[in-house]
$ cat entry-v6.cif   # mmCIF, C-alpha atoms and all ligand atoms; chains and numbers go by the auth columns
data_input
loop_
_atom_site.group_PDB
_atom_site.id
_atom_site.type_symbol
_atom_site.label_atom_id
_atom_site.label_comp_id
_atom_site.label_asym_id
_atom_site.label_seq_id
_atom_site.Cartn_x
_atom_site.Cartn_y
_atom_site.Cartn_z
_atom_site.B_iso_or_equiv
_atom_site.auth_seq_id
_atom_site.auth_asym_id
ATOM 1 C CA MET A 1 63.715 36.900 77.992 0.00 1492 C
ATOM 2 C CA PHE A 2 62.678 40.103 79.696 0.00 1493 C
ATOM 3 C CA THR A 3 60.969 42.668 77.464 0.00 1494 C
ATOM 4 C CA LYS A 4 59.925 45.453 79.841 0.00 1495 C
ATOM 5 C CA ALA A 5 61.099 47.246 82.942 0.00 1496 C
ATOM 6 C CA ILE A 6 59.617 49.786 85.308 0.00 1497 C
ATOM 7 C CA VAL A 7 62.006 52.420 86.642 0.00 1498 C
ATOM 8 C CA ARG A 8 61.324 55.529 88.689 0.00 1499 C
ATOM 9 C CA LYS A 9 63.344 58.731 88.609 0.00 1500 C
ATOM 10 C CA PRO A 10 65.171 59.575 91.842 0.00 1501 C
ATOM 11 C CA ALA A 11 63.389 62.310 93.778 0.00 1502 C
ATOM 12 C CA GLU A 12 65.008 65.565 94.916 0.00 1503 C
ATOM 13 C CA THR A 13 64.550 64.211 98.451 0.00 1504 C
ATOM 14 C CA PHE A 14 66.657 61.126 97.646 0.00 1505 C
ATOM 15 C CA ALA A 15 69.278 62.012 100.275 0.00 1506 C
ATOM 16 C CA ASN A 16 66.579 61.828 102.997 0.00 1507 C
ATOM 17 C CA GLY A 17 65.992 58.135 102.354 0.00 1508 C
ATOM 18 C CA ILE A 18 66.873 55.209 104.599 0.00 1509 C
ATOM 19 C CA THR A 19 70.516 54.235 104.822 0.00 1510 C
ATOM 20 C CA THR A 20 73.017 52.447 107.016 0.00 1511 C
ATOM 21 C CA ALA A 21 75.912 52.877 104.588 0.00 1512 C
ATOM 22 C CA ASN A 22 77.893 55.679 106.221 0.00 1513 C
ATOM 23 C CA LEU A 23 79.264 56.750 102.841 0.00 1514 C
ATOM 24 C CA GLY A 24 78.083 60.351 102.982 0.00 1515 C
ATOM 25 C CA LYS A 25 75.196 62.166 101.294 0.00 1516 C
ATOM 26 C CA PRO A 26 74.465 61.423 97.657 0.00 1517 C
ATOM 27 C CA ASP A 27 74.923 64.202 95.105 0.00 1518 C
ATOM 28 C CA TYR A 28 71.562 64.664 93.397 0.00 1519 C
ATOM 29 C CA ASN A 29 72.874 65.609 89.942 0.00 1520 C
ATOM 30 C CA LEU A 30 75.250 62.669 89.947 0.00 1521 C
ATOM 31 C CA THR A 31 72.413 60.415 91.107 0.00 1522 C
ATOM 32 C CA LEU A 32 70.357 61.515 88.095 0.00 1523 C
ATOM 33 C CA LYS A 33 73.300 60.881 85.741 0.00 1524 C
ATOM 34 C CA GLN A 34 73.878 57.415 87.148 0.00 1525 C
ATOM 35 C CA HIS A 35 70.159 56.672 86.854 0.00 1526 C
ATOM 36 C CA GLU A 36 70.179 57.781 83.205 0.00 1527 C
ATOM 37 C CA ALA A 37 73.129 55.482 82.498 0.00 1528 C
ATOM 38 C CA TYR A 38 71.256 52.649 84.190 0.00 1529 C
ATOM 39 C CA CYS A 39 68.189 53.278 82.004 0.00 1530 C
ATOM 40 C CA LYS A 40 70.384 53.301 78.871 0.00 1531 C
ATOM 41 C CA ALA A 41 71.877 49.976 79.939 0.00 1532 C
ATOM 42 C CA LEU A 42 68.417 48.429 80.297 0.00 1533 C
ATOM 43 C CA ILE A 43 67.558 49.626 76.787 0.00 1534 C
ATOM 44 C CA LYS A 44 70.799 48.066 75.494 0.00 1535 C
ATOM 45 C CA CYS A 45 69.628 44.808 77.101 0.00 1536 C
ATOM 46 C CA GLY A 46 66.524 45.007 74.908 0.00 1537 C
ATOM 47 C CA LEU A 47 63.992 46.321 77.419 0.00 1538 C
ATOM 48 C CA GLU A 48 61.193 48.763 76.786 0.00 1539 C
ATOM 49 C CA LEU A 49 61.137 51.150 79.751 0.00 1540 C
ATOM 50 C CA ILE A 50 58.169 52.435 81.694 0.00 1541 C
ATOM 51 C CA VAL A 51 59.638 55.513 83.390 0.00 1542 C
ATOM 52 C CA LEU A 52 57.701 56.855 86.376 0.00 1543 C
ATOM 53 C CA ASP A 53 57.977 60.405 87.647 0.00 1544 C
ATOM 54 C CA ALA A 54 59.900 61.035 90.832 0.00 1545 C
ATOM 55 C CA ASP A 55 57.863 61.189 94.039 0.00 1546 C
ATOM 56 C CA PRO A 56 59.455 63.525 96.606 0.00 1547 C
ATOM 57 C CA ASN A 57 57.154 62.130 99.314 0.00 1548 C
ATOM 58 C CA PHE A 58 59.060 58.849 99.082 0.00 1549 C
ATOM 59 C CA PRO A 59 62.840 59.455 99.033 0.00 1550 C
ATOM 60 C CA ASP A 60 63.530 55.735 98.434 0.00 1551 C
ATOM 61 C CA SER A 61 60.981 55.319 95.663 0.00 1552 C
ATOM 62 C CA CYS A 62 63.523 54.958 92.825 0.00 1553 C
ATOM 63 C CA PHE A 63 64.197 51.521 94.371 0.00 1554 C
ATOM 64 C CA VAL A 64 61.087 50.148 92.645 0.00 1555 C
ATOM 65 C CA GLU A 65 62.089 46.512 92.971 0.00 1556 C
ATOM 66 C CA ASP A 66 60.905 46.498 96.579 0.00 1557 C
ATOM 67 C CA THR A 67 57.307 47.305 95.659 0.00 1558 C
ATOM 68 C CA ALA A 68 56.406 44.132 93.746 0.00 1559 C
ATOM 69 C CA VAL A 69 57.401 40.690 92.534 0.00 1560 C
ATOM 70 C CA VAL A 70 56.790 40.267 88.830 0.00 1561 C
ATOM 71 C CA THR A 71 56.878 37.504 86.263 0.00 1562 C
ATOM 72 C CA LYS A 72 55.758 37.463 82.637 0.00 1563 C
ATOM 73 C CA ASN A 73 52.237 36.394 83.585 0.00 1564 C
ATOM 74 C CA PHE A 74 51.451 37.789 86.989 0.00 1565 C
ATOM 75 C CA GLY A 75 52.610 40.141 89.692 0.00 1566 C
ATOM 76 C CA ILE A 76 52.365 40.385 93.458 0.00 1567 C
ATOM 77 C CA ILE A 77 52.133 43.867 94.917 0.00 1568 C
ATOM 78 C CA ALA A 78 54.366 43.941 97.979 0.00 1569 C
ATOM 79 C CA ARG A 79 53.812 45.614 101.334 0.00 1570 C
ATOM 80 C CA PRO A 80 57.117 47.364 102.061 0.00 1571 C
ATOM 81 C CA GLY A 81 58.558 46.346 105.404 0.00 1572 C
ATOM 82 C CA ASP A 82 59.746 49.756 106.548 0.00 1573 C
ATOM 83 C CA GLN A 83 56.903 52.073 107.533 0.00 1574 C
ATOM 84 C CA ARG A 84 58.630 54.972 105.734 0.00 1575 C
ATOM 85 C CA ARG A 85 58.298 53.155 102.397 0.00 1576 C
ATOM 86 C CA LEU A 86 54.726 51.931 102.836 0.00 1577 C
ATOM 87 C CA GLY A 87 52.682 53.558 100.043 0.00 1578 C
ATOM 88 C CA GLU A 88 55.357 53.389 97.318 0.00 1579 C
ATOM 89 C CA GLU A 89 53.540 50.334 95.997 0.00 1580 C
ATOM 90 C CA VAL A 90 50.353 52.295 95.166 0.00 1581 C
ATOM 91 C CA GLU A 91 51.755 53.842 91.966 0.00 1582 C
ATOM 92 C CA ILE A 92 53.301 50.538 90.905 0.00 1583 C
ATOM 93 C CA LYS A 93 49.944 48.824 91.295 0.00 1584 C
ATOM 94 C CA LYS A 94 48.373 51.392 88.935 0.00 1585 C
ATOM 95 C CA VAL A 95 51.042 50.754 86.319 0.00 1586 C
ATOM 96 C CA LEU A 96 50.977 46.975 86.553 0.00 1587 C
ATOM 97 C CA LYS A 97 47.192 46.538 86.721 0.00 1588 C
ATOM 98 C CA PRO A 98 46.564 46.785 82.968 0.00 1589 C
ATOM 99 C CA LEU A 99 49.612 44.605 82.212 0.00 1590 C
ATOM 100 C CA LEU A 100 49.502 41.617 84.555 0.00 1591 C
ATOM 101 C CA LYS A 101 47.160 39.573 86.716 0.00 1592 C
ATOM 102 C CA LEU A 102 47.850 40.935 90.198 0.00 1593 C
ATOM 103 C CA HIS A 103 47.895 39.500 93.710 0.00 1594 C
ATOM 104 C CA TYR A 104 48.496 41.433 96.909 0.00 1595 C
ATOM 105 C CA ILE A 105 50.413 41.020 100.156 0.00 1596 C
ATOM 106 C CA LYS A 106 48.033 42.019 102.940 0.00 1597 C
ATOM 107 C CA GLU A 107 48.482 43.127 106.540 0.00 1598 C
ATOM 108 C CA PRO A 108 50.058 41.829 108.796 0.00 1599 C
ATOM 109 C CA GLY A 109 52.334 40.695 105.974 0.00 1600 C
ATOM 110 C CA LYS A 110 55.453 42.713 105.233 0.00 1601 C
ATOM 111 C CA LEU A 111 57.484 42.023 102.143 0.00 1602 C
ATOM 112 C CA ASP A 112 60.146 43.845 100.111 0.00 1603 C
ATOM 113 C CA GLY A 113 60.781 42.674 96.555 0.00 1604 C
ATOM 114 C CA GLY A 114 64.522 42.896 97.259 0.00 1605 C
ATOM 115 C CA ASP A 115 64.094 39.801 99.422 0.00 1606 C
ATOM 116 C CA ILE A 116 62.735 37.677 96.595 0.00 1607 C
ATOM 117 C CA MET A 117 64.960 35.859 94.126 0.00 1608 C
ATOM 118 C CA GLN A 118 63.789 33.785 91.189 0.00 1609 C
ATOM 119 C CA ALA A 119 66.040 31.038 89.870 0.00 1610 C
ATOM 120 C CA ASP A 120 64.268 29.428 86.911 0.00 1611 C
ATOM 121 C CA GLU A 121 61.313 27.492 88.396 0.00 1612 C
ATOM 122 C CA LYS A 122 62.278 28.235 91.986 0.00 1613 C
ATOM 123 C CA PHE A 123 61.737 31.246 94.189 0.00 1614 C
ATOM 124 C CA TYR A 124 63.723 32.001 97.330 0.00 1615 C
ATOM 125 C CA ILE A 125 62.259 34.313 99.965 0.00 1616 C
ATOM 126 C CA GLY A 126 64.672 36.026 102.321 0.00 1617 C
ATOM 127 C CA LEU A 127 63.304 36.506 105.827 0.00 1618 C
ATOM 128 C CA SER A 128 64.876 39.835 106.717 0.00 1619 C
ATOM 129 C CA ASN A 129 63.912 42.845 108.805 0.00 1620 C
ATOM 130 C CA ARG A 130 61.746 43.863 105.842 0.00 1621 C
ATOM 131 C CA THR A 131 59.997 40.563 105.066 0.00 1622 C
ATOM 132 C CA ASN A 132 58.133 38.725 107.813 0.00 1623 C
ATOM 133 C CA LEU A 133 56.673 35.235 108.082 0.00 1624 C
ATOM 134 C CA SER A 134 53.169 36.382 107.149 0.00 1625 C
ATOM 135 C CA GLY A 135 54.425 38.129 103.993 0.00 1626 C
ATOM 136 C CA SER A 136 56.489 35.101 103.099 0.00 1627 C
ATOM 137 C CA LYS A 137 53.567 32.721 103.661 0.00 1628 C
ATOM 138 C CA GLN A 138 51.224 34.824 101.514 0.00 1629 C
ATOM 139 C CA LEU A 139 53.762 35.014 98.690 0.00 1630 C
ATOM 140 C CA LYS A 140 54.435 31.289 98.909 0.00 1631 C
ATOM 141 C CA GLU A 141 50.710 30.545 98.518 0.00 1632 C
ATOM 142 C CA VAL A 142 50.514 32.611 95.328 0.00 1633 C
ATOM 143 C CA LEU A 143 53.722 31.232 93.803 0.00 1634 C
ATOM 144 C CA SER A 144 52.839 27.635 94.666 0.00 1635 C
ATOM 145 C CA ALA A 145 49.515 28.053 92.884 0.00 1636 C
ATOM 146 C CA TYR A 146 51.545 28.855 89.758 0.00 1637 C
ATOM 147 C CA ASN A 147 53.601 25.668 90.348 0.00 1638 C
ATOM 148 C CA TYR A 148 56.834 27.309 91.459 0.00 1639 C
ATOM 149 C CA ASP A 149 58.923 25.683 94.182 0.00 1640 C
ATOM 150 C CA VAL A 150 59.359 28.136 97.024 0.00 1641 C
ATOM 151 C CA PHE A 151 62.007 28.157 99.768 0.00 1642 C
ATOM 152 C CA SER A 152 62.671 30.576 102.587 0.00 1643 C
ATOM 153 C CA VAL A 153 66.107 31.615 103.801 0.00 1644 C
ATOM 154 C CA PRO A 154 66.884 33.663 106.931 0.00 1645 C
ATOM 155 C CA VAL A 155 68.752 36.915 106.279 0.00 1646 C
ATOM 156 C CA CYS A 156 70.687 38.107 109.332 0.00 1647 C
ATOM 157 C CA ASN A 157 73.376 40.619 108.449 0.00 1648 C
ATOM 158 C CA LEU A 158 72.221 42.237 105.215 0.00 1649 C
ATOM 159 C CA LEU A 159 69.420 44.640 104.296 0.00 1650 C
ATOM 160 C CA HIS A 160 67.819 42.384 101.704 0.00 1651 C
ATOM 161 C CA PHE A 161 68.325 38.825 100.540 0.00 1652 C
ATOM 162 C CA LYS A 162 69.461 40.011 97.100 0.00 1653 C
ATOM 163 C CA THR A 163 72.022 42.294 98.722 0.00 1654 C
ATOM 164 C CA GLY A 164 73.939 39.032 99.095 0.00 1655 C
ATOM 165 C CA VAL A 165 72.810 36.561 96.450 0.00 1656 C
ATOM 166 C CA ASN A 166 71.753 36.800 92.819 0.00 1657 C
ATOM 167 C CA TYR A 167 70.993 34.166 90.215 0.00 1658 C
ATOM 168 C CA LEU A 168 72.726 34.767 86.893 0.00 1659 C
ATOM 169 C CA GLY A 169 71.097 31.913 84.980 0.00 1660 C
ATOM 170 C CA GLU A 170 72.577 28.635 83.628 0.00 1661 C
ATOM 171 C CA ASN A 171 72.801 27.378 87.243 0.00 1662 C
ATOM 172 C CA ASN A 172 75.286 30.142 88.173 0.00 1663 C
ATOM 173 C CA LEU A 173 74.700 31.789 91.535 0.00 1664 C
ATOM 174 C CA LEU A 174 76.589 34.857 92.661 0.00 1665 C
ATOM 175 C CA VAL A 175 76.798 34.584 96.401 0.00 1666 C
ATOM 176 C CA HIS A 176 78.247 36.561 99.292 0.00 1667 C
ATOM 177 C CA THR A 177 79.879 34.678 102.184 0.00 1668 C
ATOM 178 C CA GLU A 178 76.733 35.214 104.328 0.00 1669 C
ATOM 179 C CA PHE A 179 74.953 32.640 102.175 0.00 1670 C
ATOM 180 C CA CYS A 180 77.705 30.554 100.616 0.00 1671 C
ATOM 181 C CA SER A 181 77.434 27.651 103.060 0.00 1672 C
ATOM 182 C CA LYS A 182 73.647 27.348 102.829 0.00 1673 C
ATOM 183 C CA ASP A 183 72.558 23.824 101.900 0.00 1674 C
ATOM 184 C CA ASP A 184 69.883 25.351 99.646 0.00 1675 C
ATOM 185 C CA PHE A 185 72.563 26.675 97.321 0.00 1676 C
ATOM 186 C CA MET A 186 74.892 23.682 97.091 0.00 1677 C
ATOM 187 C CA SER A 187 73.333 22.475 93.844 0.00 1678 C
ATOM 188 C CA TYR A 188 74.361 25.703 92.059 0.00 1679 C
ATOM 189 C CA ASN A 189 77.689 26.692 90.561 0.00 1680 C
ATOM 190 C CA ARG A 190 78.475 29.201 93.321 0.00 1681 C
ATOM 191 C CA ILE A 191 80.567 32.242 92.487 0.00 1682 C
ATOM 192 C CA ILE A 192 81.664 33.413 95.914 0.00 1683 C
ATOM 193 C CA VAL A 193 81.966 37.195 96.230 0.00 1684 C
ATOM 194 C CA ASP A 194 84.896 38.264 98.411 0.00 1685 C
ATOM 195 C CA ASN A 195 84.123 40.262 101.552 0.00 1686 C
ATOM 196 C CA ASP A 196 85.883 43.337 100.147 0.00 1687 C
ATOM 197 C CA GLU A 197 83.595 43.229 97.084 0.00 1688 C
ATOM 198 C CA GLU A 198 80.339 42.532 98.918 0.00 1689 C
ATOM 199 C CA TYR A 199 78.416 45.235 97.041 0.00 1690 C
ATOM 200 C CA ALA A 200 79.025 43.435 93.724 0.00 1691 C
ATOM 201 C CA ALA A 201 76.962 40.434 94.903 0.00 1692 C
ATOM 202 C CA ASN A 202 74.072 42.533 93.662 0.00 1693 C
ATOM 203 C CA SER A 203 74.879 42.117 89.972 0.00 1694 C
ATOM 204 C CA LEU A 204 72.010 41.660 87.602 0.00 1695 C
ATOM 205 C CA ARG A 205 71.471 39.359 84.638 0.00 1696 C
ATOM 206 C CA ILE A 206 69.241 40.844 81.939 0.00 1697 C
ATOM 207 C CA ASN A 207 68.921 38.904 78.699 0.00 1698 C
ATOM 208 C CA ASP A 208 72.391 38.765 77.046 0.00 1699 C
ATOM 209 C CA TYR A 209 74.165 40.914 79.638 0.00 1700 C
ATOM 210 C CA VAL A 210 75.144 41.016 83.288 0.00 1701 C
ATOM 211 C CA LEU A 211 75.109 44.470 84.855 0.00 1702 C
ATOM 212 C CA THR A 212 77.794 44.902 87.514 0.00 1703 C
ATOM 213 C CA PRO A 213 78.668 47.884 89.704 0.00 1704 C
ATOM 214 C CA LYS A 214 81.914 49.616 88.722 0.00 1705 C
ATOM 215 C CA GLY A 215 84.942 49.112 90.943 0.00 1706 C
ATOM 216 C CA PHE A 216 84.784 45.409 91.813 0.00 1707 C
ATOM 217 C CA PRO A 217 87.341 43.794 89.505 0.00 1708 C
ATOM 218 C CA LYS A 218 87.494 40.325 91.085 0.00 1709 C
ATOM 219 C CA THR A 219 83.743 39.775 90.825 0.00 1710 C
ATOM 220 C CA LYS A 220 83.708 41.196 87.302 0.00 1711 C
ATOM 221 C CA ALA A 221 86.476 38.817 86.248 0.00 1712 C
ATOM 222 C CA SER A 222 84.664 35.819 87.776 0.00 1713 C
ATOM 223 C CA ILE A 223 81.467 36.674 85.900 0.00 1714 C
ATOM 224 C CA GLU A 224 83.352 37.264 82.631 0.00 1715 C
ATOM 225 C CA LYS A 225 85.064 33.904 83.004 0.00 1716 C
ATOM 226 C CA LEU A 226 81.621 32.288 82.799 0.00 1717 C
ATOM 227 C CA GLY A 227 81.200 33.807 79.332 0.00 1718 C
ATOM 228 C CA TYR A 228 78.799 36.643 80.145 0.00 1719 C
ATOM 229 C CA GLN A 229 78.998 40.082 78.522 0.00 1720 C
ATOM 230 C CA ILE A 230 79.258 42.731 81.202 0.00 1721 C
ATOM 231 C CA ILE A 231 77.891 46.250 81.423 0.00 1722 C
ATOM 232 C CA GLU A 232 79.642 48.062 84.259 0.00 1723 C
ATOM 233 C CA LEU A 233 77.749 50.919 85.882 0.00 1724 C
ATOM 234 C CA GLU A 234 78.814 53.593 88.324 0.00 1725 C
ATOM 235 C CA MET A 235 76.558 53.143 91.360 0.00 1726 C
ATOM 236 C CA SER A 236 78.289 55.257 94.012 0.00 1727 C
ATOM 237 C CA GLU A 237 75.284 57.476 94.785 0.00 1728 C
ATOM 238 C CA PHE A 238 72.847 54.573 95.106 0.00 1729 C
ATOM 239 C CA GLN A 239 75.304 52.632 97.265 0.00 1730 C
ATOM 240 C CA LYS A 240 75.279 55.581 99.676 0.00 1731 C
ATOM 241 C CA MET A 241 71.551 54.930 100.148 0.00 1732 C
ATOM 242 C CA ASP A 242 71.812 51.117 100.486 0.00 1733 C
ATOM 243 C CA GLY A 243 70.560 50.513 96.944 0.00 1734 C
ATOM 244 C CA GLY A 244 71.949 48.206 94.303 0.00 1735 C
ATOM 245 C CA LEU A 245 71.488 47.403 90.621 0.00 1736 C
ATOM 246 C CA SER A 246 68.524 45.094 91.045 0.00 1737 C
ATOM 247 C CA CYS A 247 66.700 47.597 93.311 0.00 1738 C
ATOM 248 C CA LEU A 248 66.393 50.173 90.518 0.00 1739 C
ATOM 249 C CA SER A 249 63.987 48.262 88.264 0.00 1740 C
ATOM 250 C CA LEU A 250 61.215 45.722 88.001 0.00 1741 C
ATOM 251 C CA ARG A 251 61.867 43.490 85.027 0.00 1742 C
ATOM 252 C CA PHE A 252 59.367 41.219 83.293 0.00 1743 C
HETATM 253 N N1 LIG B . 67.340 52.838 101.052 0.00 1 I
HETATM 254 C C1 LIG B . 66.760 51.655 100.635 0.00 1 I
HETATM 255 C C2 LIG B . 66.018 50.974 101.691 0.00 1 I
HETATM 256 O O1 LIG B . 66.383 51.088 102.848 0.00 1 I
HETATM 257 O O2 LIG B . 65.038 50.308 101.453 0.00 1 I
#

$ encode --input "entry-v6.cif" --output "structure tokens"
Amino acid sequence: MFTKAIVRKPAETFANGITTANLGKPDYNLTLKQHEAYCKALIKCGLELIVLDADPNFPDSCFVEDTAVVTKNFGIIARPGDQRRLGEEVEIKKVLKPLLKLHYIKEPGKLDGGDIMQADEKFYIGLSNRTNLSGSKQLKEVLSAYNYDVFSVPVCNLLHFKTGVNYLGENNLLVHTEFCSKDDFMSYNRIIVDNDEEYAANSLRINDYVLTPKGFPKTKASIEKLGYQIIELEMSEFQKMDGGLSCLSLRF
């Protein structure tokens, strides 16, 4: 069970963040509304929220997931792989320090939390443009010391690993076609996300609920069929900036 989450309010500079989406500029007021709804959903899932102030110096900083990897007992402070996001992790370190034993990814390592997926006692590390071999090796050393099994998976066509694959629990893996033929994932019950619903591959299990982005009915139906209760959230403004449901919080 997760009990806490860190979230960070979107900054006024949000629209200046990094994006490849070509969906237009986000509307700031709508972004704030969607973020509020997201926070309410986390509370409904039973989480106590740690809400950080917006930081206009980092337009992407509401995507807190990229700044760390957290479990109940320890955390690893990441080293964001895009130069423009390097430094977002400083505030997260301050918040997590009193709560968890911390480890750190060090130069020349680069690592975004969005590339790291936990599935029970296993961790998968996506090797993307944001996470390099050094970052992956450093993370693997820490996780192995805590007796997790760690695997790395190349990510070629997506921003982050979890843009395309997310573990729902109970051996159910939501997976975009980019990853569906990977041997690593054959032991899971794979729920294949259609190409026209790619964005919904980033759905998020939190305690008794699965959060899904609004507007992806086939993926929603597949998840419901497994018996999960769904909370659908409007994510249009975050999608414009290449962000998904998991990116907006660090859960532990
Ligand atoms: N805009 C999110 C990212 O590129 O990391």

$ resolve_selection --input "entry-v6.cif" --expression "the PyMOL selection byres (((chain C and resi 1529) around 10) and not hetatm)" --output "PDB file with C-alpha atoms, in the coordinates of the input"
ATOM      1  CA  VAL C1498      62.006  52.420  86.642  1.00  0.00           C
ATOM      2  CA  LEU C1523      70.357  61.515  88.095  1.00  0.00           C
ATOM      3  CA  LYS C1524      73.300  60.881  85.741  1.00  0.00           C
ATOM      4  CA  GLN C1525      73.878  57.415  87.148  1.00  0.00           C
ATOM      5  CA  HIS C1526      70.159  56.672  86.854  1.00  0.00           C
ATOM      6  CA  GLU C1527      70.179  57.781  83.205  1.00  0.00           C
ATOM      7  CA  ALA C1528      73.129  55.482  82.498  1.00  0.00           C
ATOM      8  CA  CYS C1530      68.189  53.278  82.004  1.00  0.00           C
ATOM      9  CA  LYS C1531      70.384  53.301  78.871  1.00  0.00           C
ATOM     10  CA  ALA C1532      71.877  49.976  79.939  1.00  0.00           C
ATOM     11  CA  LEU C1533      68.417  48.429  80.297  1.00  0.00           C
ATOM     12  CA  ILE C1534      67.558  49.626  76.787  1.00  0.00           C
ATOM     13  CA  LYS C1535      70.799  48.066  75.494  1.00  0.00           C
ATOM     14  CA  LEU C1702      75.109  44.470  84.855  1.00  0.00           C
ATOM     15  CA  ILE C1722      77.891  46.250  81.423  1.00  0.00           C
ATOM     16  CA  GLU C1723      79.642  48.062  84.259  1.00  0.00           C
ATOM     17  CA  LEU C1724      77.749  50.919  85.882  1.00  0.00           C
ATOM     18  CA  GLU C1725      78.814  53.593  88.324  1.00  0.00           C
ATOM     19  CA  MET C1726      76.558  53.143  91.360  1.00  0.00           C
ATOM     20  CA  LEU C1736      71.488  47.403  90.621  1.00  0.00           C
ATOM     21  CA  LEU C1739      66.393  50.173  90.518  1.00  0.00           C
ATOM     22  CA  SER C1740      63.987  48.262  88.264  1.00  0.00           C
TER      23      SER C1740
END

$ closest_residue --input "entry-v6.cif" --among "C:Ile1607, C:Leu1695, C:Leu1630, C:Met1677" --to "Tyr1658 in chain C" --atoms "all atoms listed in the file"
C:Leu1695

$ resolve_selection --input "entry-v6.cif" --expression "the PyMOL selection byres (((chain C and resi 1500-1511) around 8) and not hetatm)" --output "list in words"
Val1498, Arg1499, Ala1512, Asn1513, Lys1516, Pro1517, Asp1518, Tyr1519, Thr1522, Leu1523, His1526, Val1542, Leu1543, Asp1544, Ala1545, Asp1546, Pro1547, Asn1548, Phe1549, Pro1550, Asp1551, Ser1552, Cys1553, Lys1731, Met1732 and Asp1733 of chain C

$ residues_around --input "entry-v6.cif" --residues "Glu1715 in chain C" --least-positions-apart "6" --cutoff "12 Å" --atoms "only C-alpha atoms" --output "list in words"
Leu1659, Ile1682, Tyr1700, Val1701, Leu1702, Thr1703, Pro1708, Lys1709, Ile1721, Ile1722 and Glu1723 of chain C

$ residues_around --input "entry-v6.cif" --residues "Gly1537 in chain C" --least-positions-apart "4" --cutoff "9 Å" --atoms "only C-alpha atoms" --output "JSON, numbers by chain"
{"C": [1493, 1494, 1495, 1532, 1533, 1697, 1698, 1699]}

$ resolve_selection --input "entry-v6.cif" --expression "the PyMOL selection byres (((chain C and resi 1679) around 7) and not hetatm)" --output "VMD selection string"
chain C and resid 1662 to 1664 1676 to 1678 1680 to 1681

$ write_last_selection --input "entry-v6.cif" --atoms "C-alpha atoms" --output "PDB file, keeping the file's coordinate frame"
ATOM      1  CA  ASN C1662      72.801  27.378  87.243  1.00  0.00           C
ATOM      2  CA  ASN C1663      75.286  30.142  88.173  1.00  0.00           C
ATOM      3  CA  LEU C1664      74.700  31.789  91.535  1.00  0.00           C
ATOM      4  CA  PHE C1676      72.563  26.675  97.321  1.00  0.00           C
ATOM      5  CA  MET C1677      74.892  23.682  97.091  1.00  0.00           C
ATOM      6  CA  SER C1678      73.333  22.475  93.844  1.00  0.00           C
ATOM      7  CA  ASN C1680      77.689  26.692  90.561  1.00  0.00           C
ATOM      8  CA  ARG C1681      78.475  29.201  93.321  1.00  0.00           C
TER       9      ARG C1681
END

$ residues_around --input "entry-v6.cif" --residues "Asn1564 in chain C" --least-positions-apart "4" --cutoff "9 Å" --atoms "all atoms listed in the file" --output "mmCIF file with C-alpha atoms, keeping the file's coordinate frame"
data_model
loop_
_atom_site.group_PDB
_atom_site.id
_atom_site.type_symbol
_atom_site.label_atom_id
_atom_site.label_comp_id
_atom_site.auth_asym_id
_atom_site.auth_seq_id
_atom_site.Cartn_x
_atom_site.Cartn_y
_atom_site.Cartn_z
ATOM 1 C CA LEU C 1590 49.612 44.605 82.212
ATOM 2 C CA LEU C 1591 49.502 41.617 84.555
ATOM 3 C CA LYS C 1592 47.160 39.573 86.716
ATOM 4 C CA PHE C 1743 59.367 41.219 83.293
#

$ atom_distance --input "entry-v6.cif" --atom1 "CA of Val1586 in chain C" --atom2 "CA of Lys1653 in chain C"
23.9 Å

$ closest_residue --input "entry-v6.cif" --among "C:Met1492, C:Ile1596, C:Leu1602, C:Leu1665" --to "ligand LIG 1 (chain I)" --atoms "only C-alpha atoms and all ligand atoms"
C:Leu1602

$ closest_residue --input "entry-v6.cif" --among "C:Ile1583, C:Val1666, C:Cys1738, C:Ala1691" --to "Arg1570 in chain C" --atoms "only C-alpha atoms"
C:Ile1583

$ axis_aligned_box --input "entry-v6.cif" --around "ligand LIG 1 (chain I)" --padding-each-side "3 Å" --output "JSON"
{"center_x": 66.2, "center_y": 51.6, "center_z": 101.7, "size_x": 8.3, "size_y": 8.5, "size_z": 8.2}

$ closest_residue --input "entry-v6.cif" --among "C:Tyr1615, C:Phe1670, C:Phe1554, C:Phe1707" --to "ligand LIG 1 (chain I)" --atoms "all atoms listed in the file"
C:Phe1554

$ build_atoms --input "entry-v6.cif" --residues "range 1554-1558 of chain C" --atoms "N, CA, C and O atoms" --output "JSON list (two decimals), in the coordinates of the input"
[["chain", "number", "residue", "atom", "x", "y", "z"],
["C", 1554, "PHE", "N", 63.88, 52.95, 94.18],
["C", 1554, "PHE", "CA", 64.20, 51.52, 94.37],
["C", 1554, "PHE", "C", 62.92, 50.69, 94.17],
["C", 1554, "PHE", "O", 62.40, 50.06, 95.09],
["C", 1555, "VAL", "N", 62.41, 50.73, 92.95],
["C", 1555, "VAL", "CA", 61.09, 50.15, 92.64],
["C", 1555, "VAL", "C", 61.00, 48.65, 92.87],
["C", 1555, "VAL", "O", 59.92, 48.10, 93.06],
["C", 1556, "GLU", "N", 62.14, 47.97, 92.84],
["C", 1556, "GLU", "CA", 62.09, 46.51, 92.97],
["C", 1556, "GLU", "C", 61.38, 46.07, 94.25],
["C", 1556, "GLU", "O", 60.78, 44.99, 94.30],
["C", 1557, "ASP", "N", 61.47, 46.91, 95.29],
["C", 1557, "ASP", "CA", 60.90, 46.50, 96.58],
["C", 1557, "ASP", "C", 59.39, 46.51, 96.62],
["C", 1557, "ASP", "O", 58.78, 46.00, 97.56],
["C", 1558, "THR", "N", 58.76, 47.10, 95.60],
["C", 1558, "THR", "CA", 57.31, 47.30, 95.66],
["C", 1558, "THR", "C", 56.48, 46.17, 95.04],
["C", 1558, "THR", "O", 55.26, 46.18, 95.13]]
